[in-house]
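Trainee: I'm passing along protein.csv; it holds CSV, N, CA, C and O atoms.
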```csv
chain,number,residue,atom,x,y,z
A,1,MET,N,30.8,188.4,-188.4
A,1,MET,CA,29.9,188.2,-187.3
A,1,MET,C,29.0,187.0,-187.6
A,1,MET,O,28.5,186.3,-186.7
A,2,ARG,N,28.7,186.8,-188.9
A,2,ARG,CA,27.8,185.6,-189.2
A,2,ARG,C,28.4,184.3,-188.7
A,2,ARG,O,27.7,183.5,-188.2
A,3,GLN,N,29.7,184.1,-188.8
A,3,GLN,CA,30.3,182.9,-188.4
A,3,GLN,C,30.1,182.7,-186.8
A,3,GLN,O,29.9,181.6,-186.4
A,4,GLN,N,30.2,183.8,-186.1
A,4,GLN,CA,30.0,183.8,-184.7
A,4,GLN,C,28.6,183.4,-184.3
A,4,GLN,O,28.4,182.6,-183.4
A,5,HIS,N,27.6,183.9,-185.1
A,5,HIS,CA,26.2,183.6,-184.9
A,5,HIS,C,26.0,182.1,-185.1
A,5,HIS,O,25.4,181.4,-184.4
A,6,ASP,N,26.7,181.6,-186.2
A,6,ASP,CA,26.6,180.1,-186.5
A,6,ASP,C,27.1,179.3,-185.3
A,6,ASP,O,26.5,178.3,-185.0
A,7,LEU,N,28.2,179.7,-184.8
A,7,LEU,CA,28.8,179.0,-183.7
A,7,LEU,C,27.9,179.0,-182.5
A,7,LEU,O,27.6,177.9,-181.9
A,8,SER,N,27.3,180.1,-182.1
A,8,SER,CA,26.4,180.1,-180.9
A,8,SER,C,25.2,179.3,-181.2
A,8,SER,O,24.8,178.5,-180.3
A,9,ALA,N,24.6,179.3,-182.4
A,9,ALA,CA,23.5,178.5,-182.7
A,9,ALA,C,23.9,177.0,-182.8
A,9,ALA,O,23.1,176.2,-182.3
A,10,ASP,N,25.0,176.7,-183.3
A,10,ASP,CA,25.5,175.3,-183.3
A,10,ASP,C,25.6,174.7,-181.9
A,10,ASP,O,25.2,173.6,-181.6
A,11,ILE,N,26.2,175.5,-181.0
A,11,ILE,CA,26.3,175.0,-179.6
A,11,ILE,C,25.0,174.9,-178.9
A,11,ILE,O,24.8,173.8,-178.3
A,12,ARG,N,24.1,175.8,-179.1
A,12,ARG,CA,22.8,175.7,-178.5
A,12,ARG,C,22.1,174.5,-179.0
A,12,ARG,O,21.5,173.7,-178.3
A,13,ARG,N,22.1,174.3,-180.3
A,13,ARG,CA,21.5,173.1,-181.0
A,13,ARG,C,22.1,171.8,-180.5
A,13,ARG,O,21.4,170.9,-180.2
A,14,TRP,N,23.4,171.8,-180.4
A,14,TRP,CA,24.1,170.6,-179.9
A,14,TRP,C,23.7,170.3,-178.5
A,14,TRP,O,23.4,169.1,-178.2
A,15,ARG,N,23.7,171.3,-177.6
A,15,ARG,CA,23.3,171.0,-176.2
A,15,ARG,C,21.9,170.5,-176.1
A,15,ARG,O,21.6,169.6,-175.3
A,16,HIS,N,21.0,171.1,-176.9
A,16,HIS,CA,19.6,170.7,-176.9
A,16,HIS,C,19.5,169.2,-177.4
A,16,HIS,O,18.8,168.4,-176.7
A,17,ARG,N,20.2,168.9,-178.5
A,17,ARG,CA,20.1,167.5,-179.0
A,17,ARG,C,20.7,166.5,-178.0
A,17,ARG,O,20.2,165.4,-177.9
A,18,GLU,N,21.8,166.9,-177.4
A,18,GLU,CA,22.4,166.0,-176.4
A,18,GLU,C,21.8,166.1,-175.0
A,18,GLU,O,22.2,165.3,-174.1
A,19,ALA,N,20.9,167.0,-174.8
A,19,ALA,CA,20.2,167.2,-173.5
A,19,ALA,C,21.3,167.4,-172.4
A,19,ALA,O,21.3,166.7,-171.4
A,20,ILE,N,22.2,168.4,-172.6
A,20,ILE,CA,23.2,168.6,-171.7
A,20,ILE,C,23.2,170.1,-171.3
A,20,ILE,O,22.9,171.0,-172.1
A,21,SER,N,23.5,170.4,-170.1
A,21,SER,CA,23.4,171.8,-169.6
A,21,SER,C,24.7,172.5,-170.0
A,21,SER,O,25.7,171.9,-170.3
A,22,ALA,N,24.7,173.8,-170.0
A,22,ALA,CA,25.8,174.6,-170.3
A,22,ALA,C,26.9,174.3,-169.3
A,22,ALA,O,28.1,174.2,-169.7
A,23,ALA,N,26.6,174.2,-168.0
A,23,ALA,CA,27.6,173.9,-167.0
A,23,ALA,C,28.3,172.6,-167.3
A,23,ALA,O,29.5,172.5,-167.2
A,24,GLU,N,27.5,171.6,-167.7
A,24,GLU,CA,28.1,170.2,-167.9
A,24,GLU,C,29.0,170.3,-169.2
A,24,GLU,O,30.1,169.7,-169.2
A,25,LEU,N,28.5,171.0,-170.2
A,25,LEU,CA,29.3,171.1,-171.4
A,25,LEU,C,30.6,171.8,-171.2
A,25,LEU,O,31.7,171.4,-171.6
A,26,ALA,N,30.6,172.9,-170.4
A,26,ALA,CA,31.8,173.7,-170.1
A,26,ALA,C,32.7,172.8,-169.3
A,26,ALA,O,33.9,172.8,-169.5
A,27,ARG,N,32.2,172.0,-168.4
A,27,ARG,CA,33.1,171.0,-167.6
A,27,ARG,C,33.7,170.0,-168.5
A,27,ARG,O,34.9,169.8,-168.4
A,28,ARG,N,33.0,169.5,-169.5
A,28,ARG,CA,33.5,168.5,-170.4
A,28,ARG,C,34.6,169.1,-171.3
A,28,ARG,O,35.5,168.4,-171.7
A,29,LEU,N,34.4,170.3,-171.7
A,29,LEU,CA,35.3,171.0,-172.6
A,29,LEU,C,36.5,171.6,-171.8
A,29,LEU,O,37.4,172.2,-172.4
A,30,ASP,N,36.4,171.6,-170.4
A,30,ASP,CA,37.4,172.2,-169.6
A,30,ASP,C,37.6,173.6,-169.9
A,30,ASP,O,38.7,174.1,-170.1
A,31,MET,N,36.4,174.3,-169.9
A,31,MET,CA,36.4,175.8,-170.1
A,31,MET,C,35.5,176.4,-169.1
A,31,MET,O,34.6,175.8,-168.6
A,32,PRO,N,35.8,177.6,-168.7
A,32,PRO,CA,34.9,178.3,-167.8
A,32,PRO,C,33.4,178.4,-168.4
A,32,PRO,O,33.3,178.7,-169.6
A,33,LYS,N,32.4,178.2,-167.5
A,33,LYS,CA,31.1,178.3,-168.0
A,33,LYS,C,30.8,179.7,-168.5
A,33,LYS,O,30.1,179.9,-169.5
A,34,ARG,N,31.4,180.7,-167.9
A,34,ARG,CA,31.2,182.1,-168.3
A,34,ARG,C,31.7,182.3,-169.8
A,34,ARG,O,31.0,183.0,-170.6
A,35,THR,N,32.7,181.6,-170.1
A,35,THR,CA,33.2,181.7,-171.5
A,35,THR,C,32.2,181.0,-172.5
A,35,THR,O,31.9,181.6,-173.5
A,36,LEU,N,31.7,179.8,-172.1
A,36,LEU,CA,30.7,179.2,-172.9
A,36,LEU,C,29.5,180.0,-173.0
A,36,LEU,O,28.9,180.1,-174.1
A,37,ASP,N,29.0,180.6,-171.9
A,37,ASP,CA,27.9,181.5,-172.0
A,37,ASP,C,28.1,182.6,-173.0
A,37,ASP,O,27.2,183.0,-173.7
A,38,GLY,N,29.2,183.2,-172.9
A,38,GLY,CA,29.5,184.3,-173.9
A,38,GLY,C,29.5,183.9,-175.3
A,38,GLY,O,29.0,184.6,-176.2
A,39,ILE,N,30.0,182.7,-175.6
A,39,ILE,CA,30.0,182.1,-176.9
A,39,ILE,C,28.6,181.9,-177.4
A,39,ILE,O,28.2,182.3,-178.5
A,40,GLU,N,27.7,181.4,-176.5
A,40,GLU,CA,26.3,181.1,-176.8
A,40,GLU,C,25.6,182.4,-177.0
A,40,GLU,O,24.6,182.4,-177.8
A,41,GLN,N,26.0,183.5,-176.4
A,41,GLN,CA,25.4,184.8,-176.6
A,41,GLN,C,25.9,185.5,-177.9
A,41,GLN,O,25.5,186.6,-178.2
A,42,GLY,N,26.9,184.9,-178.6
A,42,GLY,CA,27.4,185.5,-179.8
A,42,GLY,C,28.6,186.3,-179.6
A,42,GLY,O,29.1,187.0,-180.6
A,43,ARG,N,29.3,186.3,-178.5
A,43,ARG,CA,30.5,187.0,-178.3
A,43,ARG,C,31.6,186.4,-179.1
A,43,ARG,O,31.6,185.2,-179.3
A,44,PRO,N,32.6,187.1,-179.6
A,44,PRO,CA,33.6,186.6,-180.4
A,44,PRO,C,34.4,185.5,-179.6
A,44,PRO,O,34.7,185.6,-178.4
A,45,PHE,N,34.8,184.5,-180.4
A,45,PHE,CA,35.6,183.4,-179.8
A,45,PHE,C,36.6,183.0,-180.9
A,45,PHE,O,36.2,182.6,-182.0
A,46,ARG,N,37.8,183.2,-180.6
A,46,ARG,CA,38.9,183.0,-181.5
A,46,ARG,C,39.1,181.6,-182.1
A,46,ARG,O,39.5,181.4,-183.2
A,47,TYR,N,38.7,180.6,-181.3
A,47,TYR,CA,38.9,179.2,-181.7
A,47,TYR,C,37.7,178.5,-182.1
A,47,TYR,O,37.4,177.3,-181.6
A,48,SER,N,36.8,179.0,-182.9
A,48,SER,CA,35.5,178.4,-183.2
A,48,SER,C,35.7,177.1,-183.9
A,48,SER,O,34.9,176.2,-183.6
A,49,ARG,N,36.6,177.0,-184.8
A,49,ARG,CA,36.8,175.7,-185.5
A,49,ARG,C,37.2,174.6,-184.5
A,49,ARG,O,36.7,173.5,-184.6
A,50,LEU,N,38.1,174.9,-183.6
A,50,LEU,CA,38.5,174.0,-182.6
A,50,LEU,C,37.4,173.6,-181.7
A,50,LEU,O,37.3,172.4,-181.4
A,51,LEU,N,36.5,174.5,-181.4
A,51,LEU,CA,35.4,174.2,-180.5
A,51,LEU,C,34.4,173.3,-181.2
A,51,LEU,O,33.9,172.3,-180.6
A,52,LYS,N,34.2,173.5,-182.5
A,52,LYS,CA,33.3,172.6,-183.3
A,52,LYS,C,33.9,171.2,-183.3
A,52,LYS,O,33.2,170.2,-183.2
A,53,LEU,N,35.2,171.1,-183.5
A,53,LEU,CA,35.9,169.8,-183.5
A,53,LEU,C,35.7,169.1,-182.1
A,53,LEU,O,35.6,167.9,-182.0
A,54,ALA,N,35.8,169.9,-181.1
A,54,ALA,CA,35.7,169.3,-179.7
A,54,ALA,C,34.3,168.7,-179.5
A,54,ALA,O,34.1,167.7,-178.9
A,55,LEU,N,33.3,169.4,-180.1
A,55,LEU,CA,31.9,168.9,-179.9
A,55,LEU,C,31.7,167.6,-180.7
A,55,LEU,O,31.1,166.7,-180.2
A,56,ILE,N,32.4,167.5,-181.8
A,56,ILE,CA,32.4,166.2,-182.6
A,56,ILE,C,33.0,165.1,-181.8
A,56,ILE,O,32.5,164.0,-181.7
A,57,GLY,N,34.1,165.5,-181.1
A,57,GLY,CA,34.8,164.5,-180.3
A,57,GLY,C,34.0,164.1,-179.1
A,57,GLY,O,33.9,162.9,-178.8
A,58,LEU,N,33.2,165.0,-178.5
A,58,LEU,CA,32.3,164.6,-177.4
A,58,LEU,C,31.2,163.7,-177.9
A,58,LEU,O,30.8,162.8,-177.2
A,59,GLU,N,30.8,163.9,-179.1
A,59,GLU,CA,29.7,163.0,-179.7
A,59,GLU,C,30.3,161.6,-179.8
A,59,GLU,O,29.6,160.6,-179.5
A,60,GLU,N,31.5,161.4,-180.2
A,60,GLU,CA,32.2,160.1,-180.3
A,60,GLU,C,32.4,159.5,-179.0
A,60,GLU,O,32.3,158.2,-178.9
A,61,VAL,N,32.7,160.2,-178.0
A,61,VAL,CA,32.9,159.7,-176.6
A,61,VAL,C,31.6,159.2,-176.0
A,61,VAL,O,31.6,158.3,-175.3
A,62,GLY,N,30.6,159.9,-176.3
A,62,GLY,CA,29.3,159.6,-175.8
A,62,GLY,C,29.1,160.2,-174.4
A,62,GLY,O,29.6,161.3,-174.1
A,63,ASP,N,28.4,159.4,-173.5
A,63,ASP,CA,28.1,159.9,-172.2
A,63,ASP,C,29.3,159.7,-171.2
A,63,ASP,O,29.2,160.1,-170.0
A,64,GLY,N,30.3,159.1,-171.6
A,64,GLY,CA,31.5,158.8,-170.7
A,64,GLY,C,32.2,160.1,-170.4
A,64,GLY,O,32.1,161.1,-171.1
A,65,ASN,N,32.9,160.2,-169.3
A,65,ASN,CA,33.6,161.4,-168.9
A,65,ASN,C,34.9,161.4,-169.6
A,65,ASN,O,35.7,160.4,-169.5
A,66,PRO,N,35.2,162.5,-170.3
A,66,PRO,CA,36.5,162.6,-171.0
A,66,PRO,C,37.7,162.7,-170.0
A,66,PRO,O,37.6,163.0,-168.9
```
Would you encode the structure as C-alpha cells?
Mentor:
Amino acid sequence: MRQQHDLSADIRRWRHREAISAAELARRLDMPKRTLDGIEQGRPFRYSRLLKLALIGLEEVGDGNP
C-alpha cells in the first residue's frame, strides 16, 4: 500500500508543480478522469511505473498537446 500512497502523492505534487487540473492531466494521459481521481485517492493502480514514466514524458513535451 505504501507504493500506492507514493503514487498518489507524486501525482498530486506533479499537478501542483505544473499547475494543471486533474481533468487536463487525465486528458493528456488519455485516461478517464475518474480513474485519475481514484489513483490520487490511493486506490490501487496496476501500472504505477508506467504512469510515472508518462508524467516524465509530459514534462519533456511541456505545454504542447501530445
Trainee: Between atom O of Gln41 in chain A and CA of Ile56 in chain A, what is the spacing in Å?
Mentor: 22.0 Å
Trainee: Excluding Ser48 in chain A and residues on its chain fewer than 2 positions from it, collect all residues at most 10 Å away from it, counting only C-alpha atoms, and give them as a ChimeraX atom specification.
Mentor: /A:3-4,6-8,39,44-46,50-54
Trainee: Rank nothing, just name the residue among A:Val61, A:Arg43, A:Leu29, A:Leu55 nearest to Arg17 in chain A, using only C-alpha atoms.
Mentor: A:Leu55
Trainee: Near range 21-27 of chain A, counting only C-alpha atoms, which residues have an atom at most 10 Å away, once you skip same-chain residues fewer than 2 positions from it, shown as a list in words?
Mentor: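 Near neighbours after the sequence-gap exclusion: Ile11, Arg12, Trp14, Arg15, His16, Glu18, Ala19, Leu29, Asp30, Met31, Pro32, Lys33, Arg34, Thr35, Leu36, Asp37, Glu40, Leu55, Leu58, Asn65 and Pro66 of chain A.
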